[in-house]
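Raw contents of start-v8.tsv, TSV, C-alpha atoms and all ligand atoms:
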```tsv
chain	number	residue	atom	x	y	z
A	10	MET	CA	69.48	-12.58	-113.36
A	11	SER	CA	66.48	-13.21	-115.52
A	12	GLN	CA	66.52	-9.83	-117.26
A	13	GLY	CA	69.15	-8.75	-119.76
A	14	PHE	CA	72.14	-6.65	-118.76
A	15	ASN	CA	70.93	-3.33	-120.12
A	16	THR	CA	67.47	-3.75	-118.59
A	17	ARG	CA	69.06	-4.39	-115.21
A	18	ALA	CA	71.44	-1.44	-115.69
A	19	VAL	CA	68.53	0.91	-116.29
A	20	HIS	CA	66.07	-0.47	-113.73
A	21	ALA	CA	67.80	-2.32	-110.86
A	22	GLY	CA	67.55	-0.28	-107.68
A	23	GLN	CA	65.73	2.48	-109.57
A	24	GLU	CA	62.13	2.30	-108.37
A	25	PRO	CA	60.33	5.66	-108.69
A	26	ASP	CA	60.48	7.75	-105.52
A	27	ALA	CA	57.74	6.67	-103.08
A	28	THR	CA	56.79	10.24	-102.11
A	29	THR	CA	56.78	12.07	-105.43
A	30	GLY	CA	57.01	9.45	-108.14
A	31	ALA	CA	60.28	11.00	-109.38
A	32	VAL	CA	61.45	8.55	-112.04
A	33	VAL	CA	65.09	9.10	-111.11
A	34	VAL	CA	66.11	8.22	-107.56
A	35	PRO	CA	66.72	11.64	-105.99
A	36	LEU	CA	70.05	12.92	-104.77
A	37	TYR	CA	69.48	12.67	-101.02
A	38	GLN	CA	72.08	15.30	-100.13
A	39	THR	CA	71.65	14.92	-96.40
A	40	SER	CA	73.82	13.68	-93.56
A	41	THR	CA	70.98	12.72	-91.20
A	42	PHE	CA	67.32	11.68	-91.11
A	43	ALA	CA	64.50	12.83	-88.81
A	44	GLN	CA	63.18	10.29	-86.31
A	45	ASP	CA	59.47	10.09	-85.51
A	46	GLY	CA	60.27	9.20	-81.89
A	47	ILE	CA	63.44	8.04	-80.20
A	48	GLY	CA	64.75	5.26	-82.42
A	49	VAL	CA	61.62	5.38	-84.61
A	50	LEU	CA	63.16	5.57	-88.06
A	51	ARG	CA	61.53	6.10	-91.44
A	52	ASN	CA	62.43	3.09	-93.58
A	53	GLY	CA	65.50	2.46	-91.45
A	54	TYR	CA	67.32	5.68	-92.35
A	55	GLU	CA	69.19	7.20	-89.43
A	56	TYR	CA	72.59	8.73	-90.30
A	57	GLY	CA	74.37	9.27	-93.61
A	58	ARG	CA	77.52	7.32	-92.85
A	59	GLY	CA	75.33	4.30	-92.19
A	60	THR	CA	72.81	4.45	-95.00
A	61	ASN	CA	71.54	6.85	-97.64
A	62	PRO	CA	68.82	6.07	-100.21
A	63	THR	CA	70.93	7.34	-103.13
A	64	ARG	CA	73.79	5.05	-102.11
A	65	ASP	CA	71.34	2.17	-101.58
A	66	SER	CA	70.13	2.56	-105.13
A	67	LEU	CA	73.70	2.39	-106.49
A	68	GLN	CA	74.48	-0.65	-104.35
A	69	ALA	CA	71.37	-2.48	-105.60
A	70	GLN	CA	72.29	-1.64	-109.19
A	71	LEU	CA	75.89	-2.86	-108.71
A	72	ALA	CA	74.77	-6.14	-107.15
A	73	ALA	CA	72.29	-6.77	-109.97
A	74	LEU	CA	74.91	-6.17	-112.66
A	75	GLU	CA	77.39	-8.64	-111.16
A	76	GLY	CA	74.59	-11.11	-110.52
A	77	ALA	CA	75.29	-10.88	-106.78
A	78	GLU	CA	73.42	-10.65	-103.50
A	79	TYR	CA	75.40	-7.83	-101.90
A	80	ALA	CA	77.24	-4.69	-102.99
A	81	PHE	CA	78.89	-1.97	-100.92
A	82	SER	CA	80.00	1.32	-102.39
A	83	PHE	CA	82.91	3.39	-101.14
A	84	ALA	CA	84.59	6.75	-101.69
A	85	SER	CA	87.23	5.19	-103.96
A	86	GLY	CA	88.38	1.87	-105.32
A	87	LEU	CA	91.19	1.74	-102.80
A	88	ALA	CA	88.83	2.52	-99.91
A	89	ALA	CA	86.72	-0.44	-101.08
A	90	GLU	CA	89.79	-2.70	-101.21
A	91	ASP	CA	90.94	-1.59	-97.76
A	92	ALA	CA	87.51	-2.26	-96.23
A	93	LEU	CA	87.34	-5.68	-97.90
A	94	ILE	CA	90.77	-6.77	-96.65
A	95	ARG	CA	90.15	-5.54	-93.11
A	96	ALA	CA	86.79	-7.32	-93.05
A	97	ALA	CA	87.98	-10.60	-94.56
A	98	LEU	CA	91.39	-11.00	-92.90
A	99	VAL	CA	93.01	-10.67	-89.49
A	100	PRO	CA	96.57	-9.57	-88.71
A	101	GLY	CA	98.97	-12.42	-89.51
A	102	ASP	CA	97.15	-13.48	-92.68
A	103	HIS	CA	98.88	-13.69	-96.07
A	104	ILE	CA	97.73	-12.52	-99.51
A	105	VAL	CA	98.95	-13.92	-102.83
A	106	LEU	CA	98.44	-11.34	-105.54
A	107	GLY	CA	99.20	-10.97	-109.22
A	108	ASN	CA	102.57	-9.35	-109.89
A	109	ASP	CA	100.95	-6.88	-112.27
A	110	VAL	CA	98.04	-5.61	-110.20
A	111	TYR	CA	97.22	-1.91	-110.09
A	112	GLY	CA	100.13	-0.10	-108.42
A	113	GLY	CA	97.86	1.45	-105.79
A	114	THR	CA	96.54	-1.98	-104.80
A	115	TYR	CA	100.08	-3.25	-104.30
A	116	ARG	CA	100.99	-0.13	-102.33
A	117	LEU	CA	97.91	-0.55	-100.10
A	118	ILE	CA	98.72	-4.18	-99.34
A	119	ASN	CA	102.51	-3.85	-99.19
A	120	LYS	CA	102.89	-0.47	-97.47
A	121	VAL	CA	99.71	0.14	-95.46
A	122	LEU	CA	98.20	-3.23	-94.56
A	123	SER	CA	101.67	-4.66	-93.93
A	124	GLY	CA	101.69	-2.42	-90.86
A	125	TRP	CA	98.50	-4.15	-89.76
A	126	GLY	CA	100.24	-7.52	-90.01
A	127	ILE	CA	99.29	-8.62	-93.52
A	128	SER	CA	102.09	-10.22	-95.55
A	129	ASN	CA	102.02	-10.84	-99.28
A	130	ALA	CA	103.63	-12.56	-102.24
A	131	ALA	CA	103.33	-11.06	-105.73
A	132	VAL	CA	103.42	-13.77	-108.41
A	133	ASP	CA	102.70	-14.43	-112.08
A	134	MET	CA	99.05	-15.56	-112.06
A	135	ALA	CA	99.50	-17.24	-115.45
A	136	ASP	CA	101.81	-19.85	-113.88
A	137	HIS	CA	99.53	-21.93	-111.68
A	138	ASP	CA	102.40	-23.94	-110.17
A	139	VAL	CA	103.98	-20.69	-109.02
A	140	VAL	CA	100.65	-19.60	-107.55
A	141	ARG	CA	100.31	-22.88	-105.63
A	142	ALA	CA	103.91	-22.66	-104.43
A	143	ALA	CA	103.33	-19.14	-103.10
A	144	LEU	CA	100.47	-20.29	-100.86
A	145	THR	CA	101.54	-20.60	-97.26
A	146	THR	CA	99.65	-23.23	-95.36
A	147	GLY	CA	98.73	-23.35	-91.70
A	148	SER	CA	102.00	-25.05	-90.76
A	149	ARG	CA	103.92	-21.88	-91.61
A	150	PRO	CA	103.27	-18.55	-89.94
A	151	GLY	CA	100.78	-16.46	-91.89
A	152	ALA	CA	98.48	-18.76	-93.84
A	153	THR	CA	97.26	-17.51	-97.20
A	154	LYS	CA	93.67	-16.41	-96.74
A	155	MET	CA	93.22	-14.37	-99.91
A	156	ILE	CA	94.22	-14.57	-103.57
A	157	TRP	CA	93.97	-11.31	-105.53
A	158	VAL	CA	93.63	-11.29	-109.30
A	159	GLU	CA	93.25	-8.43	-111.75
A	160	THR	CA	92.24	-9.36	-115.29
A	161	PRO	CA	92.82	-7.80	-117.74
A	162	SER	CA	95.69	-6.32	-115.76
A	163	ASN	CA	96.78	-2.73	-115.62
A	164	PRO	CA	98.71	-1.83	-117.74
A	165	MET	CA	100.24	-5.07	-119.07
A	166	MET	CA	96.84	-6.41	-120.23
A	167	LYS	CA	97.58	-9.91	-118.99
A	168	ILE	CA	94.61	-12.27	-118.81
A	169	THR	CA	94.26	-14.56	-115.80
A	170	ASP	CA	92.14	-17.72	-115.83
A	171	ILE	CA	89.58	-16.87	-113.13
A	172	ALA	CA	87.99	-20.34	-112.99
A	173	ALA	CA	91.38	-22.07	-112.63
A	174	ILE	CA	92.55	-19.72	-109.87
A	175	ALA	CA	89.17	-20.14	-108.16
A	176	ARG	CA	89.85	-23.89	-107.91
A	177	ILE	CA	93.29	-23.23	-106.42
A	178	ALA	CA	91.77	-20.79	-103.92
A	179	ARG	CA	89.03	-23.22	-102.93
A	180	ASP	CA	91.56	-26.02	-102.31
A	181	ALA	CA	93.64	-23.66	-100.15
A	182	GLY	CA	90.66	-22.32	-98.21
A	183	ALA	CA	91.44	-18.80	-99.45
A	184	VAL	CA	89.03	-16.15	-100.69
A	185	LEU	CA	89.45	-15.26	-104.38
A	186	VAL	CA	89.10	-11.54	-105.08
A	187	VAL	CA	88.93	-10.31	-108.67
A	188	ASP	CA	89.47	-6.65	-109.52
A	189	ASN	CA	87.00	-6.32	-112.40
A	190	THR	CA	87.67	-2.63	-113.08
A	191	PHE	CA	89.09	-3.04	-116.60
A	192	ALA	CA	86.38	-5.36	-117.89
A	193	SER	CA	83.38	-3.94	-116.02
A	194	PRO	CA	80.39	-6.18	-115.26
A	195	TYR	CA	79.24	-5.82	-118.86
A	196	LEU	CA	82.20	-7.80	-120.18
A	197	GLN	CA	83.01	-10.18	-117.32
A	198	ASN	CA	81.30	-11.59	-114.23
A	199	PRO	CA	83.95	-13.19	-112.00
A	200	LEU	CA	81.45	-14.51	-109.42
A	201	ALA	CA	79.90	-16.69	-112.11
A	202	LEU	CA	83.40	-18.06	-112.84
A	203	GLY	CA	83.97	-19.07	-109.22
A	204	ALA	CA	85.44	-15.93	-107.60
A	205	ASP	CA	84.23	-15.07	-104.10
A	206	VAL	CA	84.44	-11.28	-104.25
A	207	VAL	CA	84.58	-8.65	-107.00
A	208	VAL	CA	86.05	-5.22	-106.47
A	209	HIS	CA	85.69	-2.22	-108.75
A	210	SER	CA	87.08	1.22	-109.02
A	211	THR	CA	83.74	2.73	-110.08
A	212	THR	CA	85.75	5.86	-110.90
A	213	LYS	CA	86.47	4.12	-114.22
A	214	TYR	CA	83.99	2.39	-116.59
A	215	ILE	CA	81.14	2.07	-114.12
A	216	GLY	CA	80.84	5.82	-113.53
A	217	GLY	CA	82.14	6.28	-117.04
A	218	HIS	CA	82.27	10.08	-117.26
A	219	SER	CA	85.38	10.97	-115.24
A	220	ASP	CA	83.29	13.04	-112.86
A	221	ALA	CA	83.00	10.90	-109.73
A	222	SER	CA	85.38	8.79	-107.65
A	223	GLY	CA	84.19	5.58	-106.10
A	224	GLY	CA	84.73	1.93	-105.42
A	225	ALA	CA	82.66	-1.17	-104.81
A	226	VAL	CA	82.84	-4.60	-103.22
A	227	VAL	CA	80.35	-7.15	-104.62
A	228	LEU	CA	79.78	-10.67	-103.29
A	229	ASN	CA	77.36	-13.46	-102.40
A	230	ASP	CA	78.68	-14.64	-99.03
A	231	ALA	CA	76.32	-13.37	-96.31
A	232	ALA	CA	78.78	-13.70	-93.41
A	233	LEU	CA	81.54	-11.79	-95.18
A	234	ALA	CA	79.02	-9.23	-96.42
A	235	GLU	CA	78.00	-8.52	-92.85
A	236	LYS	CA	81.62	-7.87	-91.88
A	237	ILE	CA	82.15	-5.56	-94.87
A	238	GLY	CA	78.99	-3.66	-94.02
A	239	PHE	CA	80.28	-3.24	-90.49
A	240	VAL	CA	83.66	-1.88	-91.66
A	241	GLN	CA	81.90	0.41	-94.14
A	242	PHE	CA	79.79	1.84	-91.31
A	243	ALA	CA	82.46	1.83	-88.61
A	244	VAL	CA	85.22	3.41	-90.74
A	245	GLY	CA	82.98	5.51	-92.96
A	246	ALA	CA	84.84	5.65	-96.28
A	247	VAL	CA	81.42	5.64	-97.97
A	248	SER	CA	80.37	7.16	-101.29
A	249	ALA	CA	79.05	10.66	-100.78
A	250	PRO	CA	75.44	11.08	-102.02
A	251	MET	CA	76.44	13.16	-105.06
A	252	GLU	CA	79.13	10.66	-106.10
A	253	ALA	CA	76.67	7.77	-105.70
A	254	TRP	CA	74.05	9.63	-107.75
A	255	LEU	CA	76.49	10.38	-110.58
A	256	THR	CA	77.78	6.82	-110.56
A	257	THR	CA	74.27	5.39	-110.83
A	258	ARG	CA	73.51	7.76	-113.67
A	259	GLY	CA	76.66	6.71	-115.50
A	260	LEU	CA	76.16	3.01	-114.86
A	261	LYS	CA	72.79	2.98	-116.62
A	262	THR	CA	74.57	3.41	-119.99
A	263	LEU	CA	77.50	1.07	-119.33
A	264	GLY	CA	76.45	-1.42	-122.01
A	265	VAL	CA	76.12	1.07	-124.85
A	266	ARG	CA	79.30	2.88	-123.86
A	267	MET	CA	81.25	-0.34	-123.55
A	268	ASP	CA	80.16	-1.57	-126.98
A	269	ARG	CA	81.67	1.58	-128.52
A	270	HIS	CA	84.82	1.47	-126.33
A	271	CYS	CA	85.44	-2.10	-127.51
A	272	GLU	CA	84.74	-1.36	-131.17
A	273	ASN	CA	87.06	1.68	-131.20
A	274	ALA	CA	89.80	-0.12	-129.28
A	275	GLN	CA	89.81	-3.08	-131.66
A	276	ARG	CA	90.21	-0.72	-134.64
A	277	ILE	CA	93.01	1.22	-132.94
A	278	ALA	CA	94.87	-1.92	-131.86
A	279	GLU	CA	94.78	-3.27	-135.42
A	280	TRP	CA	95.91	0.09	-136.82
A	281	LEU	CA	98.82	0.32	-134.35
A	282	LEU	CA	100.09	-3.05	-135.61
A	283	THR	CA	100.57	-1.51	-139.06
A	284	ARG	CA	102.88	1.23	-137.75
A	285	PRO	CA	106.67	0.75	-137.91
A	286	GLU	CA	107.24	2.78	-134.71
A	287	VAL	CA	105.34	0.16	-132.70
A	288	GLU	CA	107.19	-2.73	-131.08
A	289	ARG	CA	104.23	-4.44	-129.41
A	290	VAL	CA	100.50	-3.88	-128.99
A	291	LEU	CA	98.99	-5.34	-125.84
A	292	TYR	CA	95.28	-5.85	-126.51
A	293	PRO	CA	93.44	-9.11	-125.77
A	294	GLY	CA	91.31	-8.66	-128.90
A	295	LEU	CA	94.34	-9.31	-131.12
A	296	PRO	CA	94.63	-12.99	-132.13
A	297	ASP	CA	98.34	-13.14	-131.24
A	298	HIS	CA	97.81	-11.80	-127.69
A	299	PRO	CA	98.84	-14.63	-125.32
A	300	GLY	CA	95.54	-14.32	-123.45
A	301	HIS	CA	93.30	-13.99	-126.52
A	302	GLU	CA	91.56	-17.37	-126.33
A	303	LEU	CA	91.14	-17.21	-122.59
A	304	ALA	CA	89.74	-13.68	-122.86
A	305	ALA	CA	87.33	-14.84	-125.56
A	306	ARG	CA	86.09	-17.51	-123.12
A	307	GLN	CA	85.72	-15.49	-119.95
A	308	MET	CA	84.90	-12.03	-121.37
A	309	ARG	CA	82.08	-11.00	-123.71
A	310	LYS	CA	84.29	-8.53	-125.61
A	311	PHE	CA	87.88	-7.38	-125.22
A	312	GLY	CA	87.50	-3.97	-123.60
A	313	GLY	CA	88.64	-0.43	-124.26
A	314	MET	CA	92.18	-0.49	-122.86
A	315	ILE	CA	95.31	-0.85	-124.99
A	316	SER	CA	98.97	-0.65	-124.06
A	317	VAL	CA	101.60	0.06	-126.72
A	318	GLN	CA	105.36	-0.31	-126.63
A	319	PHE	CA	107.58	1.61	-129.03
A	320	THR	CA	110.79	0.54	-130.77
A	321	GLY	CA	112.14	4.02	-130.04
A	322	GLY	CA	112.12	3.33	-126.28
A	323	GLU	CA	111.26	5.79	-123.55
A	324	ALA	CA	111.81	8.86	-125.77
A	325	ALA	CA	109.27	7.65	-128.34
A	326	ALA	CA	106.69	6.83	-125.69
A	327	ARG	CA	107.11	10.24	-124.05
A	328	THR	CA	106.83	12.00	-127.42
A	329	VAL	CA	103.54	10.30	-128.25
A	330	ALA	CA	102.16	10.83	-124.73
A	331	GLU	CA	102.67	14.57	-125.05
A	332	ALA	CA	101.64	15.02	-128.70
A	333	THR	CA	97.98	14.06	-128.89
A	334	GLY	CA	95.05	16.44	-129.07
A	335	VAL	CA	91.92	14.29	-128.87
A	336	PHE	CA	93.52	11.87	-126.39
A	337	THR	CA	94.10	13.80	-123.15
A	338	LEU	CA	97.22	13.10	-121.11
A	339	ALA	CA	95.80	12.16	-117.72
A	340	GLU	CA	95.64	9.45	-115.11
A	341	SER	CA	92.51	7.31	-114.83
A	342	LEU	CA	90.60	5.45	-117.51
A	343	GLY	CA	87.18	4.22	-118.53
A	344	GLY	CA	85.55	7.57	-119.26
A	345	ILE	CA	83.82	8.50	-122.49
A	346	GLU	CA	86.80	10.68	-123.44
A	347	SER	CA	90.00	9.10	-124.69
A	348	LEU	CA	92.91	9.30	-122.26
A	349	MET	CA	96.61	8.71	-122.66
A	350	ASN	CA	98.82	7.64	-119.79
A	351	TYR	CA	102.55	7.12	-119.34
A	352	PRO	CA	102.37	4.56	-116.51
A	353	SER	CA	106.00	4.43	-115.40
A	354	GLU	CA	105.85	8.11	-114.37
A	355	MET	CA	102.10	8.45	-113.74
A	356	THR	CA	99.72	5.73	-112.54
A	357	HIS	CA	102.51	3.27	-111.72
A	358	ALA	CA	105.18	5.64	-110.38
A	359	SER	CA	104.64	4.06	-106.95
A	360	VAL	CA	105.97	0.68	-108.17
A	361	LYS	CA	109.02	2.03	-110.02
A	362	GLY	CA	112.07	-0.05	-109.18
A	363	THR	CA	109.99	-2.98	-107.87
A	364	GLU	CA	109.11	-6.18	-109.70
A	365	LEU	CA	105.81	-4.53	-110.65
A	366	ALA	CA	107.58	-1.73	-112.57
A	367	VAL	CA	106.17	-0.90	-116.02
A	368	PRO	CA	108.43	-0.74	-119.13
A	369	GLU	CA	109.51	2.79	-119.96
A	370	ASN	CA	108.66	2.46	-123.65
A	371	LEU	CA	104.99	1.83	-122.86
A	372	ILE	CA	101.97	4.08	-123.07
A	373	ARG	CA	98.45	3.08	-122.08
A	374	LEU	CA	95.40	4.20	-123.99
A	375	SER	CA	91.91	4.39	-122.56
A	376	VAL	CA	89.96	4.49	-125.79
A	377	GLY	CA	86.88	6.69	-125.55
A	378	ILE	CA	83.67	6.78	-127.52
A	379	GLU	CA	84.65	9.56	-129.95
A	380	ASP	CA	84.54	9.01	-133.72
A	381	ILE	CA	87.14	6.45	-134.72
A	382	GLU	CA	88.45	8.56	-137.63
A	383	ASP	CA	89.32	11.39	-135.25
A	384	LEU	CA	91.06	9.06	-132.82
A	385	LEU	CA	93.12	7.42	-135.58
A	386	ALA	CA	94.08	10.80	-137.08
A	387	ASP	CA	95.17	12.04	-133.66
A	388	LEU	CA	97.35	9.00	-133.03
A	389	ALA	CA	98.80	9.17	-136.56
A	390	GLN	CA	99.98	12.75	-136.15
A	391	ALA	CA	101.46	11.89	-132.75
A	392	LEU	CA	103.35	8.84	-134.02
A	393	ASP	CA	104.62	10.90	-136.97
A	394	ARG	CA	106.50	13.09	-134.49
A	395	ILE	CA	108.65	10.25	-133.15
A	401	LIG	C1	91.93	2.98	-110.48
A	401	LIG	C2	92.04	1.57	-110.09
A	401	LIG	C3	91.93	1.17	-108.76
A	401	LIG	C4	91.83	2.15	-107.62
A	401	LIG	O1	90.65	2.87	-107.67
A	401	LIG	P1	90.48	4.39	-107.13
A	401	LIG	O2	89.07	4.69	-107.41
A	401	LIG	O3	91.47	5.22	-107.89
A	401	LIG	O4	90.82	4.35	-105.68
A	401	LIG	C5	91.96	-0.19	-108.49
A	401	LIG	N1	92.11	-1.09	-109.47
A	401	LIG	C6	92.22	-0.74	-110.77
A	401	LIG	C7	92.36	-1.80	-111.80
A	401	LIG	C8	92.19	0.59	-111.12
A	401	LIG	O5	92.32	0.94	-112.41
```
Target encoding structure tokens, full file:
Amino acid sequence: MSQGFNTRAVHAGQEPDATTGAVVVPLYQTSTFAQDGIGVLRNGYEYGRGTNPTRDSLQAQLAALEGAEYAFSFASGLAAEDALIRAALVPGDHIVLGNDVYGGTYRLINKVLSGWGISNAAVDMADHDVVRAALTTGSRPGATKMIWVETPSNPMMKITDIAAIARIARDAGAVLVVDNTFASPYLQNPLALGADVVVHSTTKYIGGHSDASGGAVVLNDAALAEKIGFVQFAVGAVSAPMEAWLTTRGLKTLGVRMDRHCENAQRIAEWLLTRPEVERVLYPGLPDHPGHELAARQMRKFGGMISVQFTGGEAAARTVAEATGVFTLAESLGGIESLMNYPSEMTHASVKGTELAVPENLIRLSVGIEDIEDLLADLAQALDRI
């Protein structure tokens, strides 16, 4: 990690093509590779599910940006999470996860991997006694082998102390996984804070242009990395070459994009506080956010995601969600364009009625890189309609 972040973003895994000198790693849109004799491979390339040079370049770039040894890229964030859990755990194991993790992560663990014998407890990661109490030790069936943290969380913007949870995980002999999707490697490096594994939905800030789905698992542990590589190959939920190529292209500009996302989000969060329609603004960059000091310690900036709750309840939130013109009403986040989301009916519909349910007066903003004046004007006219 001797070079700066932006230098690594532009250059890691991006050596000019050996054959032509192409400065950009080509899109190797191929499913197989010619052999020069039976089993005589050129640079180890054999079959696209196993390896592809375009995907290799993305994986090298991802590892460099998290300061890690290994990275594996997948077709989606959830495919990455599934491969990680199947590689790291065996049926009978127990996961303790934050009670405000991404709804799809909870659904994967609680509805899909439960059928494979994985049990879970969803707890408030801010209360370390509760986290410790949720750990099941070897004396009880199903020992906790994994702790799963998402910080900042989606969409409640809670900040979890990664270093403190890493100590709890180490004492329990559990692997600490941090979903770093909201912060991106530019703002936060969980491995440096003691986490064992980082996962990303690269669909979001890493790709950054809302044009490619993907996920990644990043880590330093060689033995676990080998198992993940095996699941990646044996199951095959890999990034397609085109998705990997687009993601690498997007990732090169993560730092400059993120600076603007953060700057715009801070301005919008402060502006929202001045509006009478607003009950609460959830943004770690605001001094009265409960996680502000912790975020200032473990993140470089506060990110581009804001959640807002309205005094007018569900009706007000729905009105705003459907009234913007520059902000587009859509799922997902982290792209250069501003997006508006009504989680309780959209991204988090799958956890409605559970303890992970999202308040109905809440909207989530993914603040893009447009001009701040246009974003503020758009929100002002939408709030005026409440
Ligand atoms: C979107 C998202 C995921 C899932 O990623 P996909 O690429 O949609 O499969 C996981 N975690 C967080 C925090 C997300 O925002």
Taking all atoms of ligand LIG 401 (chain A) that the file lists, what box with edges along x, y and z, padded by 8 Å per side, do you get, with centre and edge lengths in Å to one decimal, as JSON?
```
{"center_x": 90.7, "center_y": 1.7, "center_z": -109.0, "size_x": 19.3, "size_y": 23.0, "size_z": 22.7}
```
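Nearest to ligand LIG 401 (chain A) of all the residues A:Phe242, A:Phe42, A:Trp280, A:Phe191 is A:Phe191, based on all atoms listed in the file.
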**Asked** Neighbours of ligand LIG 401 (chain A) within 7 Å, counting only C-alpha atoms and all ligand atoms, as a PyMOL selection string?
**Response** chain A and resi 85-88+111+113-114+159+162-163+188+190-191+209-213+222-224+341
**Message:** One decimal, in Å: what's the spacing between CA of Ile395 in chain A and CA of Ala332 in chain A?
**Reply:** 9.6 Å
**Shell around Ala73 in chain A at 8 Å using all atoms listed in the file, local window under 4 positions removed, as a list in words** = Met10, Arg17, Ala18, Ala21, Ala69, Ala77 and Glu78 of chain A
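Closest to Ser193 in chain A among A:Phe311, A:Thr60, A:Gly151, A:Leu228 is A:Phe311, based on only C-alpha atoms.
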**Request:** Give me the residues within 9 Å of Ile177 in chain A as a list of chain:residue names, counting all atoms listed in the file and dropping any in the same chain fewer than 5 places off.
**Result:**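 Within the cut-off, the hits are A:His137, A:Val140, A:Arg141, A:Ala172, A:Gly182, A:Ala183.
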**Request:** Between A:Leu384, A:Ala326, A:Val335, A:Ile127, single out the one closest to Leu371 in chain A, counting all atoms listed in the file.
**Result:**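 Of A:Leu384, A:Ala326, A:Val335, A:Ile127, the one nearest Leu371 in chain A, counting all atoms listed in the file, is A:Ala326.
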Could you please give me, as an mmCIF file with C-alpha atoms, in the frame of the given file, the residues of protein, DNA or RNA lying at most 9 Å from (86.4, -13.4, -118.1) in the coordinate frame of the file, considering all atoms listed in the file?
```
data_model
loop_
_atom_site.group_PDB
_atom_site.id
_atom_site.type_symbol
_atom_site.label_atom_id
_atom_site.label_comp_id
_atom_site.auth_asym_id
_atom_site.auth_seq_id
_atom_site.Cartn_x
_atom_site.Cartn_y
_atom_site.Cartn_z
ATOM 1 C CA THR A 160 92.240 -9.360 -115.290
ATOM 2 C CA PRO A 161 92.820 -7.800 -117.740
ATOM 3 C CA ILE A 168 94.610 -12.270 -118.810
ATOM 4 C CA THR A 169 94.260 -14.560 -115.800
ATOM 5 C CA ASP A 170 92.140 -17.720 -115.830
ATOM 6 C CA ILE A 171 89.580 -16.870 -113.130
ATOM 7 C CA ALA A 172 87.990 -20.340 -112.990
ATOM 8 C CA ALA A 192 86.380 -5.360 -117.890
ATOM 9 C CA LEU A 196 82.200 -7.800 -120.180
ATOM 10 C CA GLN A 197 83.010 -10.180 -117.320
ATOM 11 C CA ASN A 198 81.300 -11.590 -114.230
ATOM 12 C CA PRO A 199 83.950 -13.190 -112.000
ATOM 13 C CA LEU A 202 83.400 -18.060 -112.840
ATOM 14 C CA LEU A 303 91.140 -17.210 -122.590
ATOM 15 C CA ALA A 304 89.740 -13.680 -122.860
ATOM 16 C CA ALA A 305 87.330 -14.840 -125.560
ATOM 17 C CA ARG A 306 86.090 -17.510 -123.120
ATOM 18 C CA GLN A 307 85.720 -15.490 -119.950
ATOM 19 C CA MET A 308 84.900 -12.030 -121.370
ATOM 20 C CA ARG A 309 82.080 -11.000 -123.710
#
```
**Asked** CA of Gly334 in chain A and CA of Leu260 in chain A are how many Å apart?
**Response** 27.2 Å
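As for CA of Leu365 in chain A and CA of Asp102 in chain A, they are spaced 21.9 Å apart.
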**Asked** So, counting only C-alpha atoms, which residue among A:Thr328, A:Ser219, A:Gln275, A:Gln38 is closest to Ser347 in chain A?
**Response**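 Among the listed residues, the smallest separation from Ser347 in chain A belongs to A:Ser219.
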